[in-house]
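The structure appears below as structure tokens.
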Amino acid sequence: MFRQVKRKTTGRRNFEESVSGDIQQKLEGLYQHRLSFYDIPPLQEITLEDFETWSIDRLKLLIEIESCVARSKSLKDIEASIRPLLLKYLPMNSSGDACLRERMKDHYSHFILRLVFCRSEDLRKKFIKNEGILFRIRYNLLQPKEQQEFIESNSDKLVWKFITNEEKLDKFDQLYNASGLLIKNTLMNDNPGIEFTNEQIKTHIKTKENFIKLPFEKVANLVSSRSIYLYQGYAYIPSSLQLNLIATEFQDSLNTMLLRTFQTLPRLEEDDRILPLLNNLSSNFSNIQYDNFNNIDPSLVSDINHQSIQTPTIIQHYPLCSKILQQNLSLNSHLKYAGRQQLGLFLKGIGLNVDEALKFWSIQFTKKISMEKFNKDYKYNIRHNYGLEGARINYKPWDCATILSKPKPGKGEFHGCPYRDLSVDNLITNLNELGIEDQHQINEIIDDVGKRDYTIACTRVFEITHAKQLNQQQQKVAEGMHINHPNLYFDRSRQLERSLEKKEASV
Ligand code: SF4
């Protein structure tokens, strides 16, 4: 994607140059905390490889958050989905050798994505919303002491002050009377099923609650709720309300900075190395491709052959698009070109080798045509998909974005994405066949379709049809749940089945 030779331009630094002690010191100051307001842009050069992988890793997190929000998940549920992804893509250890590089990755990836998502109002809104949620989740993951240090280090922006323990005890009655109920509700939300007595709440406030105070005009909305204590022009805010305030501050400042980035963007237009990447990333928020095809574990696909792929045991793992193609192939003993490509490459992706593919397609097609005609008209195309003919390109299965970019199916065609291409009635019939009968769930899926969020509708269907397994395996499958590829749907479904089988066998 990028020119591999480096440009040596007068005045430009090169990333091989050793990091001077001065810069090192500045970086350490900048990366003192595990969370950041990202108000200082990166200063050092990084490789193009880091530029690309760091931004893609952060984007994966934001896509997952976007998908969770679209499925109306609570912050707690989003946090549960995001935690394993955070460990994988954006780890933020509090100490250790990798610490500095992890914080650099976080810092640079945020600024790279600012370049990507500053380009239109819609992209800016999405970025601010998802980064805001990421900020909240990561703030919650900090230890209370780290939260306090982080806030104190940003006191210039936040005009916040933590009150001392003496002040808290001195104003204890007033603080309890104003915010006690709110603190009680928060504790009960965080600990479902546990009742807290007033005495327990008082002890909690005395020993654990950290109040901040700030000018009351900064929190006019909270003043009207009468759940905070006001004294001499200051509002006293308990921990449970602090996250909202700090996240709002973060989002407001990000909004201003994104607009500034947008104004400076034209200066980047001359850089032919990073521009293609930025354009590529901003073209579609769900552009990150599932790509697991070069390292398929043979033991996991040993049961995939021309016979098994026609059985319910395997077909039950197909997403709706592949199911419909398979059904119509069996029904008509034929599929037109686009359908053959979509299904053929999907089957290749699930582990069907070329010999088995030739058997599968020939058995289907020769119910209506002779073997001779099949060999003449279709065999070449199947071998071509496996890189055995023509330019010998090893073609990859189509992802949802590719499928959705193709023309809609015409009469007698069955390729495409059913969430986009089927009529509402027809889609509902298909959902019923998948076992989705609950009207509320059907309405949610149809709502996604109405908003053209087809992959979100598909992810929702996955969640509903795999609810039992997901509940039992919460931790594992939370990772990378958003479906943006038919083969991802298949692989996740099979992984779930396998891990449950393993669990049952070990009991
Ligand atoms: Fe297939 Fe993707 Fe549409 Fe799901 S969203 S049905 S995987 S094309």
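Convention: chains lettered A, B, ... in structure tokens order; per-chain residue numbering from 1; ligands numbered from 1 as shown.
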Using only C-alpha atoms, which residues of region 114-163 of chain A come within 12 Å of region 56-63 of chain A, and what is the closest atom pair for each, with the distance in Å to one decimal? Give it as a tab-separated table, sorted by chain and residue number.
```
residue	atom	partner	partner_atom	distance
A:Arg114	CA	A:Leu59	CA	11.0
A:Val116	CA	A:Leu59	CA	10.2
A:Phe117	CA	A:Leu59	CA	10.6
A:Lys126	CA	A:Leu62	CA	9.1
A:Phe127	CA	A:Leu62	CA	7.9
A:Ile128	CA	A:Leu62	CA	10.2
A:Lys129	CA	A:Leu62	CA	9.4
A:Asn130	CA	A:Leu62	CA	5.8
A:Glu131	CA	A:Leu62	CA	7.1
A:Gly132	CA	A:Leu62	CA	10.1
A:Ile133	CA	A:Leu62	CA	9.0
A:Leu134	CA	A:Leu62	CA	7.7
A:Phe135	CA	A:Leu62	CA	11.1
A:Ile137	CA	A:Leu61	CA	11.7
```
Problem set entry | Within-8 Å residues of ligand 1, basis only C-alpha atoms and all ligand atoms, as a ChimeraX atom specification | /A:319-322,399-401,403-404,416-420,454-459,483-489
Exercise. Which residue out of A:Glu79, A:Asp252, A:Asp190, A:Asp173 has the minimum interatomic distance to Ile205 (chain A) when only C-alpha atoms are used?
Worked result: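 Closest to Ile205 (chain A), using only C-alpha atoms: A:Asp173.
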Problem set entry | Residues flagged helix (DSSP H, G or I) by DSSP in region 220-361 of chain A, as JSON, numbers by chain | {"A": [220, 221, 222, 223, 224, 225, 239, 240, 241, 242, 243, 244, 245, 246, 247, 248, 249, 250, 251, 252, 253, 254, 255, 256, 257, 258, 259, 260, 261, 262, 263, 264, 265, 266, 267, 268, 269, 270, 275, 276, 277, 278, 279, 280, 281, 282, 283, 298, 299, 300, 308, 309, 310, 312, 313, 314, 315, 320, 321, 322, 323, 324, 325, 326, 327, 328, 329, 330, 331, 332, 337, 338, 339, 340, 341, 342, 343, 344, 345, 346, 347, 348, 349, 350, 354, 355, 356, 357, 358, 359, 360, 361]}
For this session: Name the residues in contact with region 299-306 of chain A at a cut-off of 8 Å, using only C-alpha atoms, excluding same-chain residues fewer than 6 positions from it; report them as a PyMOL selection string.
Result: chain A and resi 350-353+356-357+359-360
For this session: Using only C-alpha atoms, find the one residue out of A:Met92, A:Leu181, A:Ser72, A:Glu45 that sits nearest to Ile445 (chain A).
Result: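 Selected residue with least distance to Ile445 (chain A): A:Ser72.
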Problem set entry | Proximity to Glu146 (chain A) - best of A:Leu35, A:Ile274, A:Met371, A:Ala391, only C-alpha atoms |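 So, comparing all the options, the nearest one is A:Leu35.
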Problem set entry | Nearby residues (only C-alpha atoms) at most 12 Å from Asn189 (chain A), same-chain spacing under 6 positions excluded, as a VMD selection string | chain A and resid 76 182 to 183 195 to 196 240
Exercise. For the atom pair CA of Asn165 (chain A) and CA of Phe37 (chain A), what is the interatomic distance in Å to one decimal place?
Worked result: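 So the two atoms, CA of Asn165 (chain A) and CA of Phe37 (chain A), lie 27.2 Å apart.
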